[in-house]
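Trainee: Sending over entry.txt (compact mmCIF, C-alpha atoms).
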```txt
# COMPACT_ATOMS: atom_id res chain seq x y z
CA MET A 1 57.21 116.61 102.45
CA SER A 2 57.48 118.47 99.14
CA GLU A 3 57.35 121.78 101.04
CA LEU A 4 60.25 120.61 103.16
CA LEU A 5 62.21 119.47 100.13
CA SER A 6 61.66 122.85 98.49
CA ARG A 7 63.77 124.28 101.32
CA LEU A 8 66.47 121.66 100.85
CA VAL A 9 69.82 123.05 99.74
CA ILE A 10 72.66 120.83 98.59
CA ARG A 11 76.02 122.57 98.65
CA ARG A 12 79.64 121.61 98.24
CA LEU A 13 81.94 121.56 101.26
CA GLY A 14 84.84 123.94 100.84
CA VAL A 15 88.49 122.97 101.19
CA GLY A 16 89.37 122.91 104.87
CA GLU A 17 85.73 123.18 105.93
CA ARG A 18 84.57 120.93 108.72
CA PRO A 19 80.90 120.17 108.24
CA ALA A 20 78.68 121.03 111.20
CA LEU A 21 77.14 117.61 111.29
CA GLY A 22 75.83 117.44 114.82
CA ASP A 23 74.96 113.94 115.96
CA LEU A 24 73.86 112.54 112.63
CA THR A 25 75.40 109.13 113.05
CA ALA A 26 75.44 106.70 115.93
CA GLY A 27 79.07 105.96 115.16
CA GLY A 28 80.12 109.53 115.72
CA VAL A 29 80.86 112.46 113.51
CA ASP A 30 83.47 112.48 110.80
CA THR A 31 85.25 115.77 111.28
CA ARG A 32 87.83 115.21 108.57
CA GLU A 33 88.72 118.45 106.90
CA GLN A 34 87.81 118.41 103.26
CA THR A 35 90.77 118.53 100.93
CA ASP A 36 89.22 117.60 97.60
CA CYS A 37 86.21 119.88 97.43
CA CYS A 38 83.98 117.08 96.15
CA SER A 39 81.95 116.40 99.30
CA TYR A 40 78.42 117.65 99.77
CA VAL A 41 76.17 118.67 102.63
CA ALA A 42 72.36 118.83 102.66
CA GLU A 43 70.79 121.67 104.61
CA ILE A 44 67.24 122.71 105.44
CA ASP A 45 66.89 126.25 106.74
CA GLY A 46 70.62 126.30 107.32
CA HIS A 47 70.66 123.15 109.43
CA CYS A 48 72.65 120.14 108.28
CA VAL A 49 70.38 117.16 107.62
CA GLY A 50 72.81 114.99 105.67
CA TYR A 51 76.21 114.69 104.11
CA LEU A 52 78.18 112.81 101.49
CA LEU A 53 81.90 112.69 102.19
CA VAL A 54 84.00 111.97 99.11
CA GLN A 55 87.67 111.79 98.21
CA SER A 56 89.51 111.44 94.93
CA ILE A 57 91.63 108.29 94.83
CA SER A 58 93.10 108.76 91.37
CA TYR A 59 93.64 111.56 88.89
CA LEU A 60 93.93 112.06 85.13
CA ASP A 61 95.93 115.13 84.17
CA GLY A 62 95.37 116.43 87.69
CA LYS A 63 91.59 116.08 87.52
CA PRO A 64 89.67 113.44 89.54
CA LEU A 65 89.47 110.11 87.73
CA THR A 66 88.03 107.86 90.44
CA LEU A 67 86.16 108.89 93.59
CA TRP A 68 85.64 107.04 96.85
CA ILE A 69 82.64 107.56 99.14
CA ASP A 70 83.96 107.82 102.70
CA ASP A 71 80.60 108.26 104.37
CA LEU A 72 76.94 109.01 103.72
CA ALA A 73 74.50 109.98 106.44
CA VAL A 74 71.03 111.46 106.72
CA HIS A 75 69.52 112.65 109.98
CA PRO A 76 67.01 110.08 111.31
CA ASP A 77 64.22 112.70 111.26
CA HIS A 78 64.76 113.27 107.54
CA ARG A 79 65.18 109.77 106.17
CA ARG A 80 63.08 108.39 103.30
CA ARG A 81 62.83 111.87 101.80
CA LYS A 82 65.27 111.32 98.92
CA ILE A 83 67.94 113.45 100.59
CA ALA A 84 70.65 110.85 99.93
CA THR A 85 69.46 110.63 96.32
CA ALA A 86 69.68 114.42 96.03
CA LEU A 87 73.23 114.35 97.42
CA TYR A 88 74.25 111.69 94.91
CA ARG A 89 72.52 113.57 92.06
CA GLU A 90 74.66 116.63 92.77
CA LEU A 91 77.82 114.55 93.04
CA GLY A 92 77.02 112.67 89.84
CA THR A 93 76.37 115.87 87.88
CA TRP A 94 79.65 117.38 89.03
CA ALA A 95 81.61 114.16 88.53
CA ARG A 96 80.38 113.66 84.96
CA ALA A 97 81.30 117.24 84.09
CA GLU A 98 84.78 116.63 85.51
CA GLY A 99 85.21 113.46 83.49
CA VAL A 100 85.21 111.10 86.47
CA LYS A 101 85.25 107.46 85.34
CA ALA A 102 83.72 105.80 88.40
CA ILE A 103 82.65 106.26 92.01
CA LEU A 104 83.35 103.47 94.48
CA THR A 105 82.43 102.63 98.03
CA ARG A 106 82.24 99.72 100.42
CA ILE A 107 79.07 98.83 102.35
CA PRO A 108 78.74 95.96 104.83
CA PRO A 109 76.76 93.04 103.32
CA ASP A 110 74.26 93.16 106.20
CA ASN A 111 73.30 96.79 105.55
CA ALA A 112 70.47 95.98 103.16
CA ALA A 113 68.95 99.46 103.18
CA ALA A 114 72.20 101.16 102.21
CA ARG A 115 72.93 98.56 99.54
CA ALA A 116 69.44 98.99 98.04
CA LEU A 117 69.85 102.76 97.98
CA HIS A 118 73.19 102.53 96.21
CA GLN A 119 71.90 100.03 93.67
CA GLN A 120 69.06 102.44 92.91
CA ILE A 121 71.63 105.18 92.32
CA GLY A 122 73.52 102.98 89.87
CA PHE A 123 76.16 101.22 91.95
CA GLU A 124 76.91 97.60 91.04
CA ASP A 125 78.66 94.83 92.94
CA HIS A 126 82.30 94.42 92.02
CA ALA A 127 84.52 91.35 92.36
CA THR A 128 86.61 93.06 95.04
CA GLY A 129 83.61 93.47 97.35
CA THR A 130 83.27 97.16 96.63
CA LEU A 131 80.32 98.83 94.93
CA VAL A 132 81.09 100.66 91.68
CA TRP A 133 79.07 103.34 89.91
CA ARG A 134 80.44 103.47 86.35
CA LEU A 135 79.88 106.99 85.04
CA ASP A 136 81.73 106.20 81.81
CA ARG A 137 78.95 103.80 80.84
CA ASP A 138 76.07 106.25 81.26
CA MET B 1 92.68 115.24 108.84
CA ALA B 2 93.39 112.58 111.43
CA GLU B 3 96.29 110.27 112.26
CA HIS B 4 95.67 106.54 112.10
CA LEU B 5 98.08 104.13 113.81
CA ILE B 6 99.22 101.48 111.35
CA ALA B 7 101.92 99.38 113.01
CA PRO B 8 105.17 99.60 114.97
CA VAL B 9 108.16 100.49 112.81
CA GLU B 10 109.96 97.29 113.81
CA ALA B 11 107.07 95.30 112.36
CA SER B 12 107.32 97.14 109.04
CA ALA B 13 110.67 96.20 107.56
CA SER B 14 112.01 97.76 104.40
CA GLY B 15 110.59 96.02 101.36
CA THR B 16 107.39 94.97 103.10
CA HIS B 17 103.90 96.35 102.91
CA ARG B 18 100.48 95.80 104.41
CA VAL B 19 96.92 96.63 103.42
CA VAL B 20 94.93 98.34 106.16
CA LYS B 21 91.36 99.54 106.39
CA VAL B 22 90.97 103.18 107.40
CA ARG B 23 87.37 104.29 107.75
CA ASN B 24 85.82 102.30 104.91
CA ILE B 25 88.69 102.35 102.44
CA GLU B 26 91.58 99.91 102.06
CA ILE B 27 95.01 101.51 101.79
CA GLY B 28 98.39 99.91 101.13
CA VAL B 29 101.24 101.15 103.32
CA PHE B 30 104.74 100.44 101.96
CA ASN B 31 108.23 100.68 103.43
CA VAL B 32 110.55 101.59 100.56
CA GLY B 33 114.11 101.71 101.83
CA GLY B 34 113.05 103.14 105.17
CA ASP B 35 110.61 105.69 103.76
CA PHE B 36 106.88 105.02 104.02
CA TYR B 37 104.30 105.57 101.30
CA ALA B 38 100.58 104.86 101.08
CA LEU B 39 98.26 104.32 98.12
CA PRO B 40 94.60 103.28 97.76
CA ASN B 41 94.08 99.57 97.18
CA VAL B 42 92.23 100.31 93.95
CA CYS B 43 93.79 100.06 90.51
CA THR B 44 92.74 102.72 88.01
CA HIS B 45 92.12 100.11 85.31
CA GLN B 46 89.38 97.73 86.48
CA PHE B 47 89.48 98.69 90.19
CA GLY B 48 91.45 95.56 91.08
CA PRO B 49 93.18 95.10 94.47
CA LEU B 50 96.37 96.86 93.42
CA CYS B 51 98.16 96.74 96.77
CA GLU B 52 97.80 92.95 96.96
CA GLY B 53 100.22 92.78 94.06
CA THR B 54 103.97 92.35 94.21
CA VAL B 55 106.56 95.07 94.79
CA ASN B 56 109.28 95.01 92.20
CA GLY B 57 111.17 97.21 89.79
CA THR B 58 110.70 97.84 86.10
CA THR B 59 112.66 97.99 82.88
CA ALA B 60 113.60 101.22 81.16
CA CYS B 61 115.35 102.13 77.95
CA ASP B 62 115.88 105.85 77.62
CA ALA B 63 118.54 108.54 77.87
CA SER B 64 118.99 107.88 81.58
CA THR B 65 120.01 104.27 80.86
CA GLY B 66 122.14 105.15 77.84
CA TRP B 67 119.39 103.78 75.57
CA LYS B 68 120.04 100.28 76.84
CA PHE B 69 117.50 98.12 78.63
CA ALA B 70 118.09 98.36 82.36
CA TRP B 71 116.36 97.29 85.55
CA VAL B 72 115.39 100.45 87.47
CA LYS B 73 113.42 101.55 90.53
CA ASP B 74 113.90 98.22 92.25
CA GLY B 75 111.51 97.97 95.21
CA GLU B 76 109.62 101.11 94.15
CA ILE B 77 107.02 99.66 91.78
CA ILE B 78 103.74 97.89 92.62
CA THR B 79 102.18 95.65 89.96
CA CYS B 80 98.42 95.09 89.99
CA PRO B 81 97.71 91.35 90.35
CA TRP B 82 94.77 91.54 87.94
CA HIS B 83 96.23 92.91 84.70
CA GLY B 84 99.76 93.97 85.52
CA LEU B 85 99.44 97.74 85.48
CA GLU B 86 102.42 99.26 87.30
CA PHE B 87 102.55 102.25 89.64
CA ASP B 88 105.43 104.10 91.28
CA LEU B 89 104.98 103.67 95.03
CA THR B 90 106.76 106.92 95.83
CA THR B 91 104.53 109.12 93.66
CA GLY B 92 101.43 107.11 92.71
CA GLN B 93 102.36 107.63 89.06
CA CYS B 94 101.12 105.03 86.57
CA LEU B 95 104.04 103.90 84.44
CA ALA B 96 102.02 103.00 81.33
CA MET B 97 99.86 106.13 81.40
CA PRO B 98 101.88 109.15 82.51
CA LYS B 99 98.79 111.33 82.90
CA VAL B 100 97.29 108.93 85.46
CA ARG B 101 98.30 108.86 89.09
CA LEU B 102 96.90 107.50 92.33
CA ARG B 103 96.30 109.53 95.44
CA SER B 104 99.34 109.34 97.72
CA TYR B 105 98.53 109.56 101.42
CA PRO B 106 101.01 111.14 103.87
CA VAL B 107 102.68 108.71 106.27
CA THR B 108 104.71 109.71 109.33
CA VAL B 109 106.77 107.81 111.87
CA GLU B 110 106.47 109.05 115.45
CA GLU B 111 107.51 107.37 118.68
CA GLY B 112 108.17 104.13 116.87
CA MET B 113 104.75 103.98 115.23
CA VAL B 114 103.84 104.28 111.56
CA LYS B 115 100.91 106.68 111.18
CA LEU B 116 98.76 107.35 108.16
CA ILE B 117 97.25 110.80 107.70
CA LEU B 118 93.72 110.80 106.30
```
Rewrite the structure of this file - the entire thing - as C-alpha cells.

Mentor:
Amino acid sequence: MSELLSRLVIRRLGVGERPALGDLTAGGVDTREQTDCCSYVAEIDGHCVGYLLVQSISYLDGKPLTLWIDDLAVHPDHRRRKIATALYRELGTWARAEGVKAILTRIPPDNAAARALHQQIGFEDHATGTLVWRLDRD
Amino acid sequence: MAEHLIAPVEASASGTHRVVKVRNIEIGVFNVGGDFYALPNVCTHQFGPLCEGTVNGTTACDASTGWKFAWVKDGEIITCPWHGLEFDLTTGQCLAMPKVRLRSYPVTVEEGMVKLIL
C-alpha cells in the first residue's frame, strides 16, 4: 500500500478542466467545468482514482472566504488508503494560505462512513444540518 | 456548467423567492422586479440559512440621499434570520462589510422556465 501511495499525485483541477473521472461513482460522473480552481484530483500513474470538487460560496476582497464541497469520491479499488484524507490535506493547506475561514458540506445522516471521515478531517455538525470545518480556529 | 430547472416563470412572481437544492448545496433563487438572482443559502457570518430570511430594503444616509435617511433598494436586500446581516440580492454584496460578497449564480429564463446555471 505504501508503494502505491508513493505514486499518488494530488493536483489541482484547472479552470475549465473537466476531470477524467471514469465511473468512480454509482450516481454518475460530475462533469461540471471547474471555475474556481480549488478542486483536486488524485491520480496514480496518471489514472484518476479520486476527486474533491469544491466551489467558493463567498469572497473577502475577491479571495475565497468560504468553500463548499460539491462532491468527494474515491474509486472502490482504492478506498481505505487515505486518498480522501490526502485530497483534504491539499485543500486545507491551500485554503489556509488563502485565508479561507471555513469549508462546508452536506452529507446524508445515513452515510456513516462519509460522516466519520469528515469528522476525522475536522468537520463538525452545524445547526443548519451542514458540516463545517472551521479553519479560522486551527 | 449545467442548467438546472427551478420552476415555471408563472410560479415565480416578482418579490418571491424559493430555496432549492442543486447537487448537495441549497441555493436561494429570487425574482427581483422580473430579474432573477441566485445566492447560496449560507450566511458569511455564522453560516446561518440566509435565504430563509426576509426580502426587504435598507436605510441609507449618504450623498445619494442628500445626507438624509432614506429607504432604498426596496425588494433587493435579503436579511439573514439568525443575526440580521444584510446582502444585496443583485450582487451578493454584504452591506455591513463592503469587502465581503456571496457567490452569485447565473439564472436564465428560457421557454417559460427559470434555470440556474451551476

Trainee: Rounded to one decimal, what separation in Å do you get between CA of Ile25 in chain B and CA of Thr44 in chain B?

Mentor: 15.0 Å

Trainee: Would you kindly report the residues of chain A within 7 Å of chain B, using all atoms listed in the file, as a list in words?

Mentor: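 That gives Arg32, Glu33, Ile57, Ser58, Tyr59, Leu60, Asp61, Asp70, Arg106 and Thr128 of chain A for chain A.
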
Trainee: Identify which of the residues B:Val55, B:Val19, B:Ala60, B:Ala13 lies closest to Gly75 in chain B, counting all atoms listed in the file when measuring atom-to-atom distances.

Mentor: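 The shortest atom-to-atom distance to Gly75 in chain B comes from B:Val55.
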
Trainee: In Å, how far is it from CA of Leu117 in chain A to CA of Tyr88 in chain A?

Mentor: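 Taking CA of Leu117 in chain A as the start and CA of Tyr88 in chain A as the end point, the length is 10.4 Å.
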
Trainee: Box time for range 112-115 of chain B: axis-aligned, enclosing all its listed atoms, 6 Å extra on each side; report centre and edge lengths in Å to one decimal, as JSON.

Mentor:
```
{"center_x": 104.5, "center_y": 105.3, "center_z": 114.0, "size_x": 19.3, "size_y": 14.7, "size_z": 17.7}
```

Trainee: Counting only C-alpha atoms, write as number ranges by chain all protein and nucleic acid residues lying at most 12 Å from (69.0, 125.2, 102.3) in the file's frame.

Mentor: A: 4-12, 41-50, 83

Trainee: Give me, please, the distance in Å between CA of Thr58 in chain B and CA of Gly15 in chain B, quoted to one decimal.

Mentor: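 We find that CA of Thr58 in chain B and CA of Gly15 in chain B lie 15.4 Å from each other.
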